[in-house]
Amino acid sequence: MNEWTSRRAWIIVGVACLVGRFGGLGANALPEARDVALLATGASSPTAVTWSFNAGKEFPGADGAIRLEADGPLVLEYDFSGGGNYVAAIASLETPLPVQSLAFRVRKPWEATLTVRVVDNTGQTHQKSVLAESADWLAMECRLSGWVGPHWGGADDGEIHQPIRQIALLIERSGLVQNAGAVRFDAIALRPMEPGATVRSPFMEPTYRVTDFTDRRSFQTRGACELSPGLARVDFSQTDQAAIGGSIALLGQPQELELIVEGGHPGNQIEIQLGSHFQRFSRTLDKQDGGVNRFIMPAPPEGWDFGGGQSDGDVRLPLRWVGLTFHKGDGPSTLTAFRLYALRCKTRIPSAEPVTMVAQMGLTGIRWETEKKVRRVWAFCEARNLQSEPIRGLLTMRLLDWDGDELRREERDWILPGLALPARQFYGISIPPNLNFAEATFEFNAEKIETARAVGTFTLPLAEAGAGTLEPDSPWGMGVYLYRYPNTPEGLEQMDHAAAMAQAAGVKWSREEFSWAGTEPARGQFNFEFYDQVVDTAHRHGISVYGLLAYWSRWTEPYTEQGIEDFCAWARVVVRRYKDRIKHWEVYNEPNIFFWKGPRELYPVLLKKCYAAIKEEDPDAQVLGISTAGIDLQFIRQCLDAGAPFDVLTIHPYRQRLVEESFMSELQDVAERVGGRPVWITEMGWSTQMDGVSERDQATLLARTYLAAVASGASQNISWYNFRSDGTDPYYNEHNFGVLRRDLTPKPAYRALATVCRTLDSGAPMRRADFKSPVYAVQMDDALALWTPQEGVSVTCRITEGKPTARNLMGDRISLRLDGDEFTLILKAQAPVFIQGGKIEAVSQKQDTPPTRTETIRF
């Protein structure tokens with residue numbers, strides 16, 4: 001019995017004849033086309049299907065076709081030379097069918113994103129994408145239960161209403177290296193629902209307790225407010241309002257909130273605040289009456305005030321509770337107590353995915369075991385079951401090293417209580433002392449639910465202090481953001497510790513924001529004491545600063561001619577003060593999106609006038625300008641057409657995934673568009689929140705990004721966003737961009753940063769031409785980085801001078817097995833290798849056929 005055979009009936013899409021090129025979802029077949037049969041095992045009659053090609057006509061420019069190869073696969077050809085976003089092969093069912101899942105085998109370009117669309121019985125279209133970076137044949141199964149993704153038309157409620165009318169397989173243009181090519185599909189099968197089975201709702205709406213406000217460590221207070229477990233005391237004789245704050249993610253898709261509060265005085269009011277990605281919502285509740293009050297409210301946006309951020313009408317998940325503000329209102333000016341019983345949330349989650357898990361690892365110490373020195377670490381897994389009833393299942397923990405080799409496996413029975421009550425498992429683990437990295441993966445399996453997964457990592461801190469000398473020619477930067485530390489003795493101590501960790505990693509540049517509101521809170525009243533410490537701390541640790549001149553002071557008139565004059569006058573004062581220490585100034589941050597709330601055509605005016613002001617104060621200063629979120633060619637063109645001067649273009653080319661050829665091409669293109677001026681990447685990164693990239697992948701993405709940027713020849717400086725994570729909420733992306741966690745313990749990306757910056761620490765970067773695609777090679781002095789995005793690539797090199805050594809991205813030593821003066825490296829996909837201490841040349845390289853993946857990718 002093979003992968004595609006089951007005891008249950010499968011409906012096989014047998015391709016009898018295919019339709020030529022024409023567009024339109026649900027378009028009629030050409031007259032000469034014949035039906036493609038769908039046959040269910042044991043069925044007495046066939047169900048007909050018609051295949052058609054769709055060029056994505058809502059995004060004009062794409063071309064292509066579908067055809068049948070002699071050996072059976074369905075071929076979807078694409079050509080995006082003229083534009084477009086996608087092409088699709090569409091199967092329209094003559095008789096709609098109740099379907100559990102769609103299964104198929106696919107072979108595609110390794111970097112290609114595949115998308116599945118289904119049209120349900122109401123005419124609603126549902127879409128789901130999957131990225132599997134492999135060029136081999138892959139087995140996939142797209143499940144129709146618990147579908148979470150874009151939807152439109154028909155009922156437009158996000159639920160799949162059986163039976164299914166139409167299925168489409170799409171190839172997306174985004175990320176493709178080549179504009180033209182083909183994708184092959186085989187063994188396409190629809191898995192029907194069991195005969196007589198009722199259609200179970202794909203979603204459930206449980207209610208769970210978000211917090212009972214008893215964990216004092218999770219909250220901060222503002223104003224005349226004291227907080228003890230479950231009790232807030234506000235002195236309204238000193239203030240009209242006070243607040244408590246924090247960040248607690250609301251799981252799933254929140255539908256309704258309930259806040260249970262007792263106390264206060266008649267006339268007092270409570271305001272609740274929620275946040276999402278660069279959005280904030282607030283809602284003022286009914287007045288307190290002194291008793292127990294239950295405030296029930298729908299989730300945003302209905303009935304909520306929008307408090308800032310991206311205001312496009314879409315609420316971005318996950319929502320987070322971020323605060324309660326207590327208002328005196330009509331109440332008395334006296335000490336007032338509010339008993340906070342609970343915040344509860346009714347949420348919507350896929351029925352088959354009631355369990356969410358998070359994991360962590362940390363260092364315990366060093367000890368001897370059976371005459372061997374080992375490093376003791378701990379691993380921790382926490383699960384929450386949102387069902388009302390407990391779930392019994394099996395938890396499997398696997399401990400892996402950087403190469404993916406298994407060091408330990410352990411299975412435990414585990415009962416998860418319901419109602420999202422936390423359940424925890426702890427492990428004491430020994431790892432070899434020569435390893436700089438370990439990863440604990442957790443899988444929880446139980447009947448009738450999807451597997452829940454979590455991963456924790458341990459990364460050994462760096463032992464060496466690193467060089468504390470300024471090296472402004474280095475391309476290696478990082479958003480260390482020393483200005484974000486509090487101006488307190490403890491905050492300044494943390495600032496110095498963070499700068500020391502950046503020094504140890506080889507960081508030579510940091511982007512530091514100079515706040516207009518913070519340095520000139522009133523016209524003509526300046527205070528630079530804190531920023532003096534920021535700059536001094538950076539320089540003491542060998543880190544050059546480029547200053548970001550940003551945002552507006554409270555006393556000016558933003559986005560007006562007068563406001564621009566005031567901004568430039570302030571910039572003059574800043575540049576004058578620091579011109580002996582800072583030679584690079586960036587004018588504003590991401591003015592092409594919501595950070596700039598005025599007319600877009602005003603930014604070039606600001607840049608032009610600020611450029612002149614900076615140059616008058618310091619003719620040697622370099623002005624960094626435009627600073628776009630993404631690579632916004634239209635906005636860059638707008639600034640160029642307006643005659644806005646700048647010395648360096650700054651960009652923030654965030655993306656969902658990294659394809660080296662496309663990334664380098666984009667950098668080269670934008671450098672050409674600005675007349676060959678330097679291009680600095682002042683922000684770029686990936687977050688490791690629960691549905692983000694893994695910490696392992698963040699490490700490889702950082703290294704590949706840094707190396708590809710300098711290999712392009714177009715980018716002279718790159719900084720990651722950011723050094724230290726902004727918070728501890730594992731579900732919120734803005735809290736998880738850092739290469740250090742909030743407590744300053746390292747993620748594997750910190751080691752990756754150090755390996756790149758400390759190995760390639762001198763000389764000008766050069767892309768080596770003797771290594772051919774899909775192998776990339778960057779040389780700096782006697783150090784070489786080699787990597788490939790694809791599996792199964794080996795390179796043979798000849799040593800021409802010295803005795804080179806090799807290390808992986810975590811800094812672990814790799815043995816070079818010499819055959820005379822040659823050695824062969826087998827490169828793992830997306831995992832750079834670093835060679836130092838000698839000179840080598842490429843002899844040959846080979847791309848072997850990787851092992852066929854036998855597991856099915858389910859999405």
# chains A, B, ... in the order shown; residues from 1 in each chain; ligands from 1
call {"tool": "select_by_dssp", "arguments": {"residues": "region 496-662 of chain A", "states": "alpha helix (DSSP H)", "output": "PyMOL selection string"}}
result
chain A and resi 496-504+516-519+529-540+561-578+602-617+633-641+660-662
call {"tool": "residues_around", "arguments": {"residues": "region 654-670 of chain A", "least_positions_apart": "4", "cutoff": "8 Å", "atoms": "only C-alpha atoms", "output": "short mmCIF file (atom, residue, chain, number, x, y, z; two decimals) with all heavy atoms, in the first residue's frame"}}
result
data_model
loop_
_atom_site.label_atom_id
_atom_site.label_comp_id
_atom_site.auth_asym_id
_atom_site.auth_seq_id
_atom_site.Cartn_x
_atom_site.Cartn_y
_atom_site.Cartn_z
N GLU A 111 12.34 27.35 -4.93
CA GLU A 111 11.94 28.56 -4.22
C GLU A 111 10.46 28.89 -4.40
O GLU A 111 9.95 29.85 -3.81
CB GLU A 111 12.78 29.75 -4.69
CG GLU A 111 12.42 30.32 -6.06
CD GLU A 111 13.00 29.56 -7.24
OE1 GLU A 111 13.59 28.48 -7.01
OE2 GLU A 111 12.88 30.04 -8.38
N GLY A 175 9.02 35.68 -5.41
CA GLY A 175 10.17 34.90 -4.98
C GLY A 175 10.81 34.04 -6.04
O GLY A 175 11.88 33.46 -5.81
N LEU A 176 10.19 33.92 -7.22
CA LEU A 176 10.77 33.09 -8.26
C LEU A 176 12.07 33.69 -8.79
O LEU A 176 12.15 34.90 -9.03
CB LEU A 176 9.79 32.90 -9.42
CG LEU A 176 8.59 31.99 -9.18
CD1 LEU A 176 7.65 32.03 -10.38
CD2 LEU A 176 9.03 30.56 -8.90
N VAL A 177 13.07 32.85 -9.00
CA VAL A 177 14.33 33.31 -9.58
C VAL A 177 14.19 33.53 -11.08
O VAL A 177 14.65 34.53 -11.62
CB VAL A 177 15.46 32.30 -9.28
CG1 VAL A 177 16.74 32.69 -10.00
CG2 VAL A 177 15.70 32.21 -7.77
N ALA A 629 10.08 51.58 4.04
CA ALA A 629 9.65 50.24 4.41
C ALA A 629 9.55 49.45 3.11
O ALA A 629 8.87 49.86 2.17
CB ALA A 629 8.29 50.29 5.11
N GLY A 630 10.25 48.31 3.04
CA GLY A 630 10.36 47.60 1.78
C GLY A 630 11.28 48.36 0.83
O GLY A 630 12.01 49.28 1.22
N ILE A 631 11.26 47.96 -0.43
CA ILE A 631 11.95 48.72 -1.47
C ILE A 631 10.85 49.35 -2.32
O ILE A 631 10.38 48.77 -3.30
CB ILE A 631 12.87 47.82 -2.32
CG1 ILE A 631 13.88 47.08 -1.43
CG2 ILE A 631 13.63 48.65 -3.35
CD1 ILE A 631 14.80 46.15 -2.17
N LEU A 633 9.78 51.42 -4.85
CA LEU A 633 10.34 52.11 -6.01
C LEU A 633 9.52 53.35 -6.38
O LEU A 633 10.07 54.36 -6.84
CB LEU A 633 10.39 51.15 -7.20
CG LEU A 633 11.32 49.94 -7.03
CD1 LEU A 633 11.25 49.05 -8.26
CD2 LEU A 633 12.75 50.38 -6.76
N VAL A 674 19.12 54.95 -8.28
CA VAL A 674 19.55 56.16 -7.57
C VAL A 674 20.94 56.58 -8.01
O VAL A 674 21.66 57.25 -7.27
CB VAL A 674 19.49 55.97 -6.03
CG1 VAL A 674 18.06 55.73 -5.59
CG2 VAL A 674 20.40 54.84 -5.57
N VAL A 679 23.80 52.01 -1.04
CA VAL A 679 22.52 51.56 -0.51
C VAL A 679 22.78 50.87 0.82
O VAL A 679 23.52 49.88 0.88
CB VAL A 679 21.82 50.58 -1.48
CG1 VAL A 679 20.54 50.05 -0.86
CG2 VAL A 679 21.53 51.27 -2.82
N GLU A 683 17.25 48.38 8.25
CA GLU A 683 16.41 47.43 8.98
C GLU A 683 16.12 46.26 8.06
O GLU A 683 15.85 46.43 6.88
CB GLU A 683 15.06 48.03 9.38
CG GLU A 683 15.04 48.91 10.59
CD GLU A 683 13.61 49.30 10.97
OE1 GLU A 683 12.69 48.48 10.77
OE2 GLU A 683 13.42 50.42 11.45
N MET A 684 16.16 45.06 8.62
CA MET A 684 15.68 43.86 7.95
C MET A 684 15.73 42.74 8.97
O MET A 684 16.66 42.68 9.78
CB MET A 684 16.52 43.50 6.73
CG MET A 684 15.93 42.39 5.87
SD MET A 684 16.86 42.20 4.32
CE MET A 684 16.03 40.75 3.65
N GLY A 685 14.75 41.86 8.96
CA GLY A 685 14.78 40.78 9.92
C GLY A 685 13.57 39.88 9.82
O GLY A 685 12.65 40.13 9.06
N TRP A 686 13.62 38.81 10.60
CA TRP A 686 12.51 37.86 10.73
C TRP A 686 12.26 37.62 12.21
O TRP A 686 13.19 37.47 13.00
CB TRP A 686 12.84 36.54 10.04
CG TRP A 686 12.66 36.53 8.57
CD1 TRP A 686 11.57 36.10 7.87
CD2 TRP A 686 13.61 36.96 7.57
NE1 TRP A 686 11.77 36.23 6.51
CE2 TRP A 686 13.02 36.76 6.30
CE3 TRP A 686 14.90 37.49 7.63
CZ2 TRP A 686 13.67 37.06 5.11
CZ3 TRP A 686 15.55 37.80 6.45
CH2 TRP A 686 14.95 37.59 5.21
N LEU A 701 18.79 32.72 8.21
CA LEU A 701 18.33 33.88 7.44
C LEU A 701 19.21 35.10 7.69
O LEU A 701 19.51 35.85 6.76
CB LEU A 701 16.87 34.20 7.79
CG LEU A 701 15.83 33.27 7.16
CD1 LEU A 701 14.49 33.41 7.86
CD2 LEU A 701 15.68 33.55 5.67
N ARG A 704 22.54 34.47 5.75
CA ARG A 704 22.33 34.56 4.30
C ARG A 704 22.03 35.99 3.87
O ARG A 704 22.47 36.43 2.80
CB ARG A 704 21.20 33.62 3.90
CG ARG A 704 21.52 32.14 4.06
CD ARG A 704 20.27 31.29 3.95
NE ARG A 704 19.58 31.51 2.69
CZ ARG A 704 18.26 31.34 2.53
NH1 ARG A 704 17.50 30.96 3.55
NH2 ARG A 704 17.71 31.54 1.35
N THR A 705 21.27 36.71 4.67
CA THR A 705 20.94 38.10 4.34
C THR A 705 22.19 38.97 4.34
O THR A 705 22.45 39.74 3.39
CB THR A 705 19.92 38.66 5.35
OG1 THR A 705 18.71 37.91 5.27
CG2 THR A 705 19.62 40.13 5.06
N ALA A 708 24.47 37.79 1.35
CA ALA A 708 23.92 38.12 0.04
C ALA A 708 23.93 39.63 -0.21
O ALA A 708 24.15 40.09 -1.33
CB ALA A 708 22.50 37.57 -0.10
N ALA A 709 23.69 40.41 0.84
CA ALA A 709 23.68 41.87 0.69
C ALA A 709 25.03 42.37 0.20
O ALA A 709 25.12 43.15 -0.76
CB ALA A 709 23.29 42.54 2.00
N ALA A 711 27.40 40.51 -1.12
CA ALA A 711 27.74 39.84 -2.38
C ALA A 711 27.13 40.54 -3.58
O ALA A 711 27.65 40.45 -4.69
CB ALA A 711 27.28 38.38 -2.35
N SER A 712 26.03 41.27 -3.36
CA SER A 712 25.37 41.97 -4.46
C SER A 712 26.24 43.07 -5.03
O SER A 712 26.07 43.49 -6.18
CB SER A 712 24.04 42.57 -3.98
OG SER A 712 24.27 43.69 -3.13
N GLY A 713 27.18 43.59 -4.24
CA GLY A 713 28.00 44.71 -4.68
C GLY A 713 27.28 46.04 -4.60
O GLY A 713 27.87 47.09 -4.84
N ALA A 714 25.98 46.01 -4.23
CA ALA A 714 25.18 47.24 -4.21
C ALA A 714 24.96 47.77 -2.81
O ALA A 714 24.64 48.95 -2.64
CB ALA A 714 23.82 46.98 -4.87
N SER A 715 25.11 46.93 -1.79
CA SER A 715 24.84 47.34 -0.41
C SER A 715 26.15 47.35 0.38
O SER A 715 26.83 46.34 0.47
CB SER A 715 23.83 46.40 0.24
OG SER A 715 23.52 46.81 1.55
N PRO A 789 21.24 27.57 -1.18
CA PRO A 789 19.86 27.44 -0.69
C PRO A 789 19.27 26.05 -0.94
O PRO A 789 18.18 25.75 -0.45
CB PRO A 789 19.11 28.51 -1.50
CG PRO A 789 19.87 28.64 -2.76
CD PRO A 789 21.31 28.40 -2.40
#
call {"tool": "residues_around", "arguments": {"residues": "Gly518 (chain A)", "least_positions_apart": "2", "cutoff": "9 Å", "atoms": "only C-alpha atoms", "output": "count of residues only"}}
result
9
call {"tool": "select_by_dssp", "arguments": {"residues": "region 813-849 of chain A", "states": "strand (DSSP E)", "output": "VMD selection string"}}
result
chain A and resid 813 to 814 822 to 827 833 to 847
call {"tool": "closest_residue", "arguments": {"among": "A:Gly56, A:Pro433, A:Pro645, A:Gly362", "to": "Lys608 (chain A)", "atoms": "only C-alpha atoms"}}
result
A:Pro645
call {"tool": "residues_around", "arguments": {"residues": "Ala842 (chain A)", "least_positions_apart": "3", "cutoff": "10 Å", "atoms": "only C-alpha atoms", "output": "CSV table (one decimal) with N, CA and C atoms, in the first residue's frame"}}
result
chain,number,residue,atom,x,y,z
A,768,ARG,N,33.0,35.5,-5.1
A,768,ARG,CA,33.9,34.7,-5.9
A,768,ARG,C,33.2,34.1,-7.1
A,769,ALA,N,33.8,34.3,-8.3
A,769,ALA,CA,33.2,33.8,-9.5
A,769,ALA,C,33.5,32.4,-9.8
A,770,ASP,N,34.5,31.8,-9.1
A,770,ASP,CA,34.8,30.4,-9.4
A,770,ASP,C,33.8,29.4,-8.8
A,771,PHE,N,33.0,29.9,-7.9
A,771,PHE,CA,31.9,29.0,-7.4
A,771,PHE,C,30.6,29.4,-8.2
A,772,LYS,N,29.9,28.4,-8.7
A,772,LYS,CA,28.8,28.6,-9.6
A,772,LYS,C,27.5,28.4,-8.9
A,795,VAL,N,31.0,20.7,-3.0
A,795,VAL,CA,32.0,21.4,-3.7
A,795,VAL,C,33.4,20.9,-3.3
A,796,THR,N,34.2,20.7,-4.3
A,796,THR,CA,35.6,20.3,-4.1
A,796,THR,C,36.5,21.5,-4.3
A,797,CYS,N,37.4,21.7,-3.3
A,797,CYS,CA,38.3,22.9,-3.3
A,797,CYS,C,39.7,22.4,-3.2
A,798,ARG,N,40.6,23.2,-3.7
A,798,ARG,CA,42.1,23.0,-3.6
A,798,ARG,C,42.7,24.1,-2.7
A,799,ILE,N,43.5,23.6,-1.8
A,799,ILE,CA,44.3,24.6,-1.0
A,799,ILE,C,45.5,25.1,-1.7
A,822,GLU,N,43.4,18.7,-1.7
A,822,GLU,CA,42.0,19.0,-2.0
A,822,GLU,C,41.1,18.4,-0.9
A,824,THR,N,36.5,18.0,0.0
A,824,THR,CA,35.2,18.2,-0.5
A,824,THR,C,34.2,18.5,0.7
A,845,GLN,N,32.1,21.3,-8.6
A,845,GLN,CA,31.0,21.2,-7.7
A,845,GLN,C,29.9,20.3,-8.3
call {"tool": "residues_around", "arguments": {"residues": "Pro390 (chain A)", "least_positions_apart": "3", "cutoff": "12 Å", "atoms": "only C-alpha atoms", "output": "list in words"}}
result
Pro354, Val355, Ala383, Arg384, Asn385, Leu386, Gln387, Gly393, Trp414, Ile415, Leu416, Pro417, Gly418, Leu419, Ala420, Leu421, Pro422, Ala423 and Ala446 of chain A
call {"tool": "write_last_selection", "arguments": {"atoms": "C-alpha atoms", "output": "compact mmCIF listing (two decimals), in the first residue's frame"}}
result
# COMPACT_ATOMS: atom_id res chain seq x y z
CA PRO A 354 -7.29 23.16 20.34
CA VAL A 355 -3.74 22.90 21.78
CA ALA A 383 0.72 23.64 26.66
CA ARG A 384 -2.77 25.10 26.82
CA ASN A 385 -5.86 23.16 25.78
CA LEU A 386 -8.72 25.48 24.85
CA GLN A 387 -11.33 22.71 24.89
CA GLY A 393 -1.96 12.25 24.62
CA TRP A 414 0.49 13.86 29.26
CA ILE A 415 -3.00 14.97 30.27
CA LEU A 416 -3.82 18.57 29.38
CA PRO A 417 -6.56 20.18 31.48
CA GLY A 418 -9.21 22.17 29.66
CA LEU A 419 -10.12 25.85 29.67
CA ALA A 420 -6.59 26.90 28.64
CA LEU A 421 -5.12 26.13 32.05
CA PRO A 422 -1.34 25.80 31.61
CA ALA A 423 0.32 22.38 31.80
CA ALA A 446 -3.71 12.81 20.72
call {"tool": "residues_around", "arguments": {"residues": "Val261 (chain A)", "least_positions_apart": "6", "cutoff": "12 Å", "atoms": "only C-alpha atoms", "output": "ChimeraX atom specification"}}
result
/A:212-213,230-232,268-270,285-296,324,326,337-344
